[in-house]
Amino acid sequence: MEQILAAIQGGASGTDIGHLPIPESYRAAFVRREDVDMFEGVDSAQKDPTKSIHIDQVPTPELAPDEVYLAVMASSINFNTVWTSIFEPLPTFGFLDRLARESELAARHSQPYHVIGSDASGVVLRVGNAVRNWKPGDRVTVHCNHVDDQDPTAHDDSMLALNQRIWGFETNFGGLADLSIVKANQLMPKPTHLSWEEAAVNALCNSTSYRMLVGQNGARMKQGDDVLVWGATGGIGGYAIQYVLNGGGTPIGVVSSPERAELLNKMGCEAVIDRRAEGYQFWSDEHTQDESEWRRFGKKIRELVGEDPDIVFEHPGRSTMGASIFAVKRGGTVVTCAATSGYMIEFDNRHFWMKLKKLISSHFANYHEAAAANKLVYQGKIHPIMSDVYSLDQVGDAALTVHRNQAEGKLGVLCLAPEEGLGIDDPEKRDRIGEDKITRFRTTP
């Protein structure tokens, strides 16, 4: 890997990079099959990724015809990294074992270890003999939609494929490593004005937010829409705020501290609700929601923007869904992609059916949506929301920070890249776009 890094940093040609030997093993962050019961009886909030994530050498897998070997320069932490590391809602080895039954090459994924990570930026090292559009030396980012395009259900909207998976979560050999194998149709051009770590943090969360709000499979936001965004400085919320502003809507950002409210104001979001300062208690006990709190929440939204929101951007799940369904306007849309506070949700169906509201489920993005979202980053219209950078050896610490909700935006991880700030190919473009926009989350109050 040292020889590969030297070639990349030295500006070697694609031809030269393509002739470099692929190492027999590489450094990676992984969890172990033998550890899946290590947190048995421990409360979810107390489970510690630093105890389950290991950093060590793993064997290099064989390359399939439609895959590439990728030198991973940087990656990032997502919630699925946390879920894998604490073995919730279930151990991911079951995903790997099911994938392994699909074909001889798929069997590579069932291992006693699971290399994690669903984001990456890097350099193509070698391509399989069925790869057409990419070549060694290409600088790329990776989206995490892992689909077998020989299955007819993968066409039209690939997120509806019966065997759709998230790379690095439901497959092995993910991005938190110095090397990875990636399907060629997961590759996208690296934004030339961004560093490796800035380019690595976008694909999963940015594409998710694009599908939820902009794409034809989501809420179909239009100019003038009022959009309530939960967790508005978090991994997907920070991109959602940008899409609402770019699309001529009015974002109402919900956060949990004055510092996060100030960050939203700097992004251009004027309507902000500090839920902790307001003291909302949507659940009066474990089994009962408080409608008077829903009404107080709705009143606060109307004080800020004058009416109920057209769209609610949902992902906390159990703790907020009742309030979201109540607060969205008559005929409005709640779009949800996760349930970070619990999967078993409840809401008052009277407020849903009698006011003709809509609830849309959303999960990552298809190839077209991921490419469209990446294009906006490439053009400098959507910006990274990276607040801090860790080394690969610190992946456990980074995952713990996300698990405890102590991070703004996204956390970048340096893999093969030896330091921050490398990989910027077009500094003039970066200057035109503006350093303050690109690094806004790095200068949080």
# chains A, B, ... in the order shown; residues from 1 in each chain; ligands from 1

$ residues_around --residues "Gly279 of chain A" --least-positions-apart "4" --cutoff "10 Å" --atoms "only C-alpha atoms" --output "JSON, numbers by chain"
{"A": [256, 274, 275, 293]}

$ atom_distance --atom1 "atom CA of Ile166 of chain A" --atom2 "atom CA of Pro61 of chain A"
18.4 Å

$ residues_around --residues "segment 81-93 of chain A" --least-positions-apart "3" --cutoff "9 Å" --atoms "only C-alpha atoms" --output "tab-separated table (two decimals) with N, CA and C atoms, in the first residue's frame"
chain	number	residue	atom	x	y	z
A	30	PHE	N	-13.00	-3.43	11.10
A	30	PHE	CA	-13.96	-4.52	10.96
A	30	PHE	C	-14.50	-4.94	12.33
A	31	VAL	N	-15.64	-5.63	12.29
A	31	VAL	CA	-16.17	-6.31	13.47
A	31	VAL	C	-16.02	-7.81	13.24
A	32	ARG	N	-16.06	-8.58	14.34
A	32	ARG	CA	-15.82	-10.02	14.25
A	32	ARG	C	-17.08	-10.81	14.56
A	33	ARG	N	-17.27	-11.88	13.81
A	33	ARG	CA	-18.43	-12.74	14.02
A	33	ARG	C	-18.46	-13.28	15.46
A	36	VAL	N	-20.47	-11.16	18.33
A	36	VAL	CA	-21.83	-10.63	18.15
A	36	VAL	C	-22.63	-10.61	19.45
A	37	ASP	N	-22.26	-11.40	20.44
A	37	ASP	CA	-23.00	-11.42	21.71
A	37	ASP	C	-22.32	-10.61	22.80
A	38	MET	N	-21.29	-9.85	22.46
A	38	MET	CA	-20.50	-9.20	23.49
A	38	MET	C	-21.28	-8.14	24.28
A	39	PHE	N	-22.33	-7.57	23.67
A	39	PHE	CA	-23.10	-6.54	24.38
A	39	PHE	C	-24.43	-7.07	24.91
A	44	SER	N	-28.69	-0.16	24.90
A	44	SER	CA	-28.17	0.28	23.60
A	44	SER	C	-27.28	1.51	23.73
A	47	LYS	N	-23.66	0.75	24.74
A	47	LYS	CA	-22.80	-0.09	23.92
A	47	LYS	C	-21.70	0.75	23.29
A	48	ASP	N	-20.48	0.23	23.29
A	48	ASP	CA	-19.29	1.02	22.96
A	48	ASP	C	-18.59	0.47	21.71
A	49	PRO	N	-18.69	1.20	20.58
A	49	PRO	CA	-18.03	0.75	19.35
A	49	PRO	C	-16.52	0.59	19.47
A	50	THR	N	-15.89	1.28	20.41
A	50	THR	CA	-14.44	1.14	20.54
A	50	THR	C	-14.06	-0.26	21.00
A	51	LYS	N	-15.01	-0.98	21.59
A	51	LYS	CA	-14.73	-2.33	22.06
A	51	LYS	C	-14.98	-3.39	20.98
A	52	SER	N	-15.76	-3.06	19.97
A	52	SER	CA	-16.12	-4.05	18.95
A	52	SER	C	-15.43	-3.84	17.61
A	53	ILE	N	-14.97	-2.62	17.33
A	53	ILE	CA	-14.31	-2.34	16.05
A	53	ILE	C	-12.81	-2.59	16.18
A	77	ILE	N	-18.05	8.18	8.68
A	77	ILE	CA	-18.88	7.44	9.61
A	77	ILE	C	-20.35	7.72	9.30
A	78	ASN	N	-21.12	6.65	9.21
A	78	ASN	CA	-22.57	6.76	9.07
A	78	ASN	C	-23.25	6.02	10.22
A	96	LEU	N	-24.41	-10.89	5.27
A	96	LEU	CA	-23.30	-11.41	4.48
A	96	LEU	C	-23.54	-12.87	4.09
A	97	ASP	N	-24.10	-13.65	5.00
A	97	ASP	CA	-24.35	-15.06	4.71
A	97	ASP	C	-25.42	-15.22	3.63
A	98	ARG	N	-26.45	-14.36	3.64
A	98	ARG	CA	-27.48	-14.45	2.59
A	98	ARG	C	-26.91	-14.05	1.24
A	110	SER	N	-19.01	-13.81	2.93
A	110	SER	CA	-19.24	-14.48	4.21
A	110	SER	C	-17.90	-14.84	4.83
A	111	GLN	N	-17.50	-14.04	5.79
A	111	GLN	CA	-16.20	-14.18	6.44
A	111	GLN	C	-16.38	-14.11	7.95
A	112	PRO	N	-15.37	-14.47	8.72
A	112	PRO	CA	-15.45	-14.28	10.18
A	112	PRO	C	-15.29	-12.82	10.60
A	113	TYR	N	-15.09	-11.94	9.63
A	113	TYR	CA	-14.98	-10.50	9.90
A	113	TYR	C	-15.85	-9.75	8.88
A	114	HIS	N	-16.24	-8.54	9.23
A	114	HIS	CA	-17.03	-7.68	8.34
A	114	HIS	C	-16.33	-6.34	8.26
A	116	ILE	N	-16.27	-2.69	7.43
A	116	ILE	CA	-17.41	-1.78	7.45
A	116	ILE	C	-17.11	-0.50	6.67
A	117	GLY	N	-18.13	0.33	6.52
A	117	GLY	CA	-17.96	1.63	5.87
A	117	GLY	C	-18.71	1.73	4.57
A	118	SER	N	-19.58	2.74	4.44
A	118	SER	CA	-20.43	2.89	3.26
A	118	SER	C	-20.19	4.19	2.50
A	168	GLY	N	-20.95	-2.17	2.36
A	168	GLY	CA	-20.27	-1.91	3.62
A	168	GLY	C	-21.13	-2.10	4.85
A	169	PHE	N	-22.43	-2.33	4.64
A	169	PHE	CA	-23.36	-2.63	5.73
A	169	PHE	C	-23.98	-3.99	5.51
A	170	GLU	N	-24.54	-4.20	4.33
A	170	GLU	CA	-25.11	-5.49	3.97
A	170	GLU	C	-24.18	-6.28	3.04
A	171	THR	N	-23.01	-5.71	2.73
A	171	THR	CA	-21.96	-6.43	2.03
A	171	THR	C	-20.67	-6.29	2.82
A	396	GLY	N	-13.24	3.56	15.87
A	396	GLY	CA	-14.07	3.25	17.04
A	396	GLY	C	-14.46	4.51	17.80
A	399	ALA	N	-17.04	6.42	15.70
A	399	ALA	CA	-18.35	5.79	15.76
A	399	ALA	C	-19.03	6.04	17.10
A	400	LEU	N	-18.26	6.04	18.16
A	400	LEU	CA	-18.82	6.32	19.49
A	400	LEU	C	-19.34	7.75	19.56
A	402	VAL	N	-20.56	9.52	17.09
A	402	VAL	CA	-21.84	9.56	16.37
A	402	VAL	C	-22.92	8.88	17.19
A	403	HIS	N	-22.59	7.76	17.81
A	403	HIS	CA	-23.55	7.01	18.62
A	403	HIS	C	-24.11	7.88	19.75

$ closest_residue --among "A:Met267, A:Leu392, A:Asn366, A:Lys375" --to "His54 of chain A" --atoms "only C-alpha atoms"
A:Leu392

$ closest_residue --among "A:Gly342, A:Gly238, A:Gly268, A:Pro418" --to "Ala6 of chain A" --atoms "only C-alpha atoms"
A:Pro418

$ select_by_dssp --residues "segment 187-264 of chain A" --states "alpha helix (DSSP H)" --output "ChimeraX atom specification"
/A:196-200,203-213,237-246,258-264

$ write_last_selection --atoms "N, CA and C atoms" --output "CSV table (one decimal), in the first residue's frame"
chain,number,residue,atom,x,y,z
A,196,TRP,N,-9.7,14.8,-0.3
A,196,TRP,CA,-10.2,13.4,-0.2
A,196,TRP,C,-11.2,13.3,0.9
A,197,GLU,N,-11.0,13.8,2.0
A,197,GLU,CA,-11.9,13.6,3.1
A,197,GLU,C,-13.2,14.4,2.9
A,198,GLU,N,-13.1,15.6,2.3
A,198,GLU,CA,-14.4,16.3,2.0
A,198,GLU,C,-15.2,15.6,1.0
A,199,ALA,N,-14.6,15.0,0.0
A,199,ALA,CA,-15.3,14.3,-1.0
A,199,ALA,C,-15.9,13.0,-0.5
A,200,ALA,N,-15.3,12.4,0.5
A,200,ALA,CA,-15.7,11.1,1.0
A,200,ALA,C,-17.0,11.2,1.9
A,203,ALA,N,-21.6,11.0,-0.2
A,203,ALA,CA,-22.5,10.2,-1.1
A,203,ALA,C,-23.7,9.6,-0.3
A,204,LEU,N,-23.5,8.9,0.8
A,204,LEU,CA,-24.6,8.3,1.4
A,204,LEU,C,-25.6,9.3,1.9
A,205,CYS,N,-25.2,10.2,2.7
A,205,CYS,CA,-26.2,11.2,3.3
A,205,CYS,C,-26.8,12.1,2.2
A,206,ASN,N,-25.9,12.7,1.4
A,206,ASN,CA,-26.4,13.6,0.4
A,206,ASN,C,-27.4,13.0,-0.6
A,207,SER,N,-27.1,11.7,-1.0
A,207,SER,CA,-28.0,11.0,-1.9
A,207,SER,C,-29.3,10.7,-1.3
A,208,THR,N,-29.2,10.3,0.0
A,208,THR,CA,-30.5,10.0,0.8
A,208,THR,C,-31.4,11.2,0.8
A,209,SER,N,-30.8,12.4,1.1
A,209,SER,CA,-31.6,13.6,1.3
A,209,SER,C,-32.1,14.0,-0.1
A,210,TYR,N,-31.4,13.8,-1.2
A,210,TYR,CA,-31.8,14.2,-2.5
A,210,TYR,C,-33.1,13.3,-2.8
A,211,ARG,N,-33.0,12.0,-2.6
A,211,ARG,CA,-34.2,11.2,-2.9
A,211,ARG,C,-35.4,11.6,-2.1
A,212,MET,N,-35.2,11.9,-0.8
A,212,MET,CA,-36.3,12.2,0.1
A,212,MET,C,-37.0,13.5,-0.4
A,213,LEU,N,-36.3,14.5,-0.8
A,213,LEU,CA,-36.9,15.8,-1.1
A,213,LEU,C,-37.0,16.2,-2.5
A,237,GLY,N,-29.7,15.8,7.7
A,237,GLY,CA,-30.4,17.0,7.9
A,237,GLY,C,-29.6,18.2,7.3
A,238,GLY,N,-28.3,18.2,7.5
A,238,GLY,CA,-27.5,19.3,6.9
A,238,GLY,C,-27.6,19.4,5.4
A,239,TYR,N,-27.7,18.3,4.7
A,239,TYR,CA,-27.9,18.3,3.3
A,239,TYR,C,-29.3,18.7,3.0
A,240,ALA,N,-30.3,18.2,3.8
A,240,ALA,CA,-31.7,18.6,3.5
A,240,ALA,C,-31.9,20.1,3.6
A,241,ILE,N,-31.3,20.8,4.6
A,241,ILE,CA,-31.4,22.2,4.7
A,241,ILE,C,-30.9,22.9,3.4
A,242,GLN,N,-29.8,22.4,2.8
A,242,GLN,CA,-29.2,23.0,1.6
A,242,GLN,C,-30.2,22.8,0.4
A,243,TYR,N,-30.8,21.6,0.3
A,243,TYR,CA,-31.7,21.3,-0.8
A,243,TYR,C,-33.0,22.2,-0.7
A,244,VAL,N,-33.5,22.5,0.5
A,244,VAL,CA,-34.6,23.3,0.6
A,244,VAL,C,-34.3,24.8,0.2
A,245,LEU,N,-33.1,25.2,0.7
A,245,LEU,CA,-32.7,26.6,0.3
A,245,LEU,C,-32.4,26.7,-1.2
A,246,ASN,N,-31.7,25.7,-1.8
A,246,ASN,CA,-31.4,25.7,-3.2
A,246,ASN,C,-32.7,25.7,-4.0
A,258,PRO,N,-28.3,25.9,21.3
A,258,PRO,CA,-28.1,27.2,20.7
A,258,PRO,C,-27.0,27.2,19.7
A,259,GLU,N,-25.9,26.4,19.9
A,259,GLU,CA,-24.8,26.4,19.0
A,259,GLU,C,-25.2,25.8,17.6
A,260,ARG,N,-26.1,24.8,17.7
A,260,ARG,CA,-26.6,24.2,16.4
A,260,ARG,C,-27.5,25.2,15.8
A,261,ALA,N,-28.3,25.9,16.5
A,261,ALA,CA,-29.2,26.9,16.0
A,261,ALA,C,-28.4,28.0,15.3
A,262,GLU,N,-27.3,28.4,15.8
A,262,GLU,CA,-26.4,29.4,15.2
A,262,GLU,C,-25.8,28.9,13.9
A,263,LEU,N,-25.4,27.6,13.9
A,263,LEU,CA,-24.9,27.1,12.7
A,263,LEU,C,-25.9,27.1,11.6
A,264,LEU,N,-27.2,26.8,11.9
A,264,LEU,CA,-28.3,26.8,10.9
A,264,LEU,C,-28.4,28.2,10.4

$ select_by_dssp --residues "segment 103-334 of chain A" --states "strand (DSSP E)" --output "number ranges by chain"
A: 113-115, 120-127, 139-142, 145-146, 165-166, 179-183, 187-189, 226-229, 250-255, 271-274, 283-285, 288-289, 311-314, 333-334

$ write_last_selection --atoms "C-alpha atoms" --output "short mmCIF file (atom, residue, chain, number, x, y, z; two decimals), in the first residue's frame"
data_model
loop_
_atom_site.label_atom_id
_atom_site.label_comp_id
_atom_site.auth_asym_id
_atom_site.auth_seq_id
_atom_site.Cartn_x
_atom_site.Cartn_y
_atom_site.Cartn_z
CA TYR A 113 -14.98 -10.50 9.90
CA HIS A 114 -17.03 -7.68 8.34
CA VAL A 115 -15.09 -4.74 6.88
CA ALA A 120 -15.31 6.41 0.14
CA SER A 121 -13.21 8.57 -2.08
CA GLY A 122 -10.14 7.21 -3.78
CA VAL A 123 -8.30 6.07 -6.89
CA VAL A 124 -9.15 3.13 -9.14
CA LEU A 125 -6.26 0.63 -9.15
CA ARG A 126 -7.51 -2.25 -11.27
CA VAL A 127 -10.75 -2.97 -13.14
CA ARG A 139 -10.30 9.67 -8.98
CA VAL A 140 -13.73 8.76 -7.73
CA THR A 141 -16.28 8.79 -4.96
CA VAL A 142 -18.47 5.80 -4.17
CA ASN A 145 -26.23 1.14 -3.69
CA HIS A 146 -25.11 -2.46 -4.27
CA ARG A 165 -28.07 -3.92 -0.49
CA ILE A 166 -26.04 -1.17 1.13
CA LEU A 179 -8.39 -0.88 -0.08
CA SER A 180 -11.85 -1.93 -1.17
CA ILE A 181 -13.69 -3.78 -3.90
CA VAL A 182 -16.54 -1.78 -5.42
CA LYS A 183 -19.00 -2.47 -8.22
CA LEU A 187 -18.43 4.90 -8.93
CA MET A 188 -18.91 8.64 -9.50
CA PRO A 189 -16.44 11.40 -10.43
CA ASP A 226 -42.15 25.07 3.95
CA VAL A 227 -40.09 22.06 5.02
CA LEU A 228 -39.56 20.96 8.61
CA VAL A 229 -36.22 19.17 9.04
CA THR A 250 -38.27 27.70 3.47
CA PRO A 251 -36.55 25.31 5.89
CA ILE A 252 -37.60 25.03 9.52
CA GLY A 253 -34.68 23.38 11.26
CA VAL A 254 -35.08 21.45 14.51
CA VAL A 255 -31.93 21.17 16.62
CA ALA A 271 -36.58 29.51 11.14
CA VAL A 272 -35.04 27.38 13.88
CA ILE A 273 -36.55 25.42 16.77
CA ASP A 274 -34.31 24.45 19.69
CA TRP A 283 -44.43 11.09 25.13
CA SER A 284 -45.93 11.53 28.60
CA ASP A 285 -44.89 7.96 29.42
CA THR A 288 -48.78 7.48 25.81
CA GLN A 289 -48.21 10.47 23.55
CA ILE A 311 -43.22 18.58 4.08
CA VAL A 312 -41.70 17.02 7.19
CA PHE A 313 -38.26 15.44 6.74
CA GLU A 314 -38.38 12.55 9.24
CA THR A 333 -46.20 14.87 3.14
CA VAL A 334 -44.05 13.24 5.80
#

$ atom_distance --atom1 "atom CA of Asn202 of chain A" --atom2 "atom CA of Ala371 of chain A"
11.7 Å

$ residues_around --residues "Tyr367 of chain A" --least-positions-apart "5" --cutoff "9 Å" --atoms "only C-alpha atoms" --output "list in words"
His143, Asn145, Asp157, Ser158, Met159, Asn185, Gln186 and Ala372 of chain A

$ closest_residue --among "A:Leu194, A:Ile382, A:Ala370, A:Ala64" --to "Pro427 of chain A" --atoms "only C-alpha atoms"
A:Leu194

$ closest_residue --among "A:Tyr280, A:Ala107, A:Pro152, A:Trp134" --to "Lys300 of chain A" --atoms "only C-alpha atoms"
A:Tyr280

$ residues_around --residues "Arg318 of chain A" --least-positions-apart "4" --cutoff "7 Å" --atoms "only C-alpha atoms" --output "ChimeraX atom specification"
/A:339,341-346

$ residues_around --residues "Ala327 of chain A" --least-positions-apart "2" --cutoff "8 Å" --atoms "only C-alpha atoms" --output "PDB file with N, CA and C atoms, in the first residue's frame"
ATOM      1  N   TRP A 294     -47.974  18.107  20.870  1.00  0.00           N
ATOM      2  CA  TRP A 294     -48.023  18.234  19.408  1.00  0.00           C
ATOM      3  C   TRP A 294     -48.557  19.614  19.018  1.00  0.00           C
ATOM      4  N   ARG A 295     -49.611  20.027  19.718  1.00  0.00           N
ATOM      5  CA  ARG A 295     -50.232  21.318  19.392  1.00  0.00           C
ATOM      6  C   ARG A 295     -49.295  22.475  19.697  1.00  0.00           C
ATOM      7  N   PHE A 297     -46.069  22.329  19.605  1.00  0.00           N
ATOM      8  CA  PHE A 297     -45.048  22.259  18.551  1.00  0.00           C
ATOM      9  C   PHE A 297     -45.575  22.891  17.258  1.00  0.00           C
ATOM     10  N   GLY A 298     -46.802  22.532  16.864  1.00  0.00           N
ATOM     11  CA  GLY A 298     -47.395  23.112  15.658  1.00  0.00           C
ATOM     12  C   GLY A 298     -47.550  24.620  15.753  1.00  0.00           C
ATOM     13  N   ASP A 308     -48.622  25.721   8.589  1.00  0.00           N
ATOM     14  CA  ASP A 308     -48.109  24.371   8.808  1.00  0.00           C
ATOM     15  C   ASP A 308     -47.168  23.989   7.661  1.00  0.00           C
ATOM     16  N   PRO A 309     -46.191  23.136   7.930  1.00  0.00           N
ATOM     17  CA  PRO A 309     -45.231  22.773   6.875  1.00  0.00           C
ATOM     18  C   PRO A 309     -45.862  21.901   5.792  1.00  0.00           C
ATOM     19  N   ALA A 323     -45.696  13.586  16.362  1.00  0.00           N
ATOM     20  CA  ALA A 323     -45.690  15.041  16.205  1.00  0.00           C
ATOM     21  C   ALA A 323     -45.584  15.424  14.733  1.00  0.00           C
ATOM     22  N   SER A 324     -44.806  14.679  13.954  1.00  0.00           N
ATOM     23  CA  SER A 324     -44.637  14.990  12.535  1.00  0.00           C
ATOM     24  C   SER A 324     -45.944  14.822  11.773  1.00  0.00           C
ATOM     25  N   ILE A 325     -46.637  13.715  12.018  1.00  0.00           N
ATOM     26  CA  ILE A 325     -47.907  13.470  11.338  1.00  0.00           C
ATOM     27  C   ILE A 325     -48.925  14.539  11.722  1.00  0.00           C
ATOM     28  N   LYS A 329     -49.118  19.910   7.178  1.00  0.00           N
ATOM     29  CA  LYS A 329     -50.368  20.540   6.771  1.00  0.00           C
ATOM     30  C   LYS A 329     -51.342  19.533   6.159  1.00  0.00           C
TER      31      LYS A 329
END

$ residues_around --residues "Ser13 of chain A" --least-positions-apart "4" --cutoff "12 Å" --atoms "only C-alpha atoms" --output "compact mmCIF listing (two decimals) with C-alpha atoms, in the first residue's frame"
# COMPACT_ATOMS: atom_id res chain seq x y z
CA ILE A 4 0.37 2.66 -4.19
CA ALA A 7 2.37 6.58 -6.93
CA ILE A 8 -0.86 8.49 -6.26
CA GLN A 9 0.90 11.32 -4.45
CA ILE A 17 -1.04 2.81 -11.46
CA GLY A 18 -2.70 -0.04 -13.33
CA HIS A 19 0.56 -2.00 -13.31
CA LEU A 20 1.11 -1.72 -9.57
CA VAL A 123 -8.30 6.07 -6.89
CA VAL A 124 -9.15 3.13 -9.14
CA LEU A 125 -6.26 0.63 -9.15
CA LYS A 135 -9.89 2.86 -15.69
CA PRO A 136 -6.88 2.81 -13.37
CA GLY A 137 -5.96 6.26 -12.11
CA ASP A 138 -9.53 7.62 -12.10
CA ARG A 139 -10.30 9.67 -8.98

$ atom_distance --atom1 "atom CA of Asp119 of chain A" --atom2 "atom CA of Gln46 of chain A"
25.7 Å
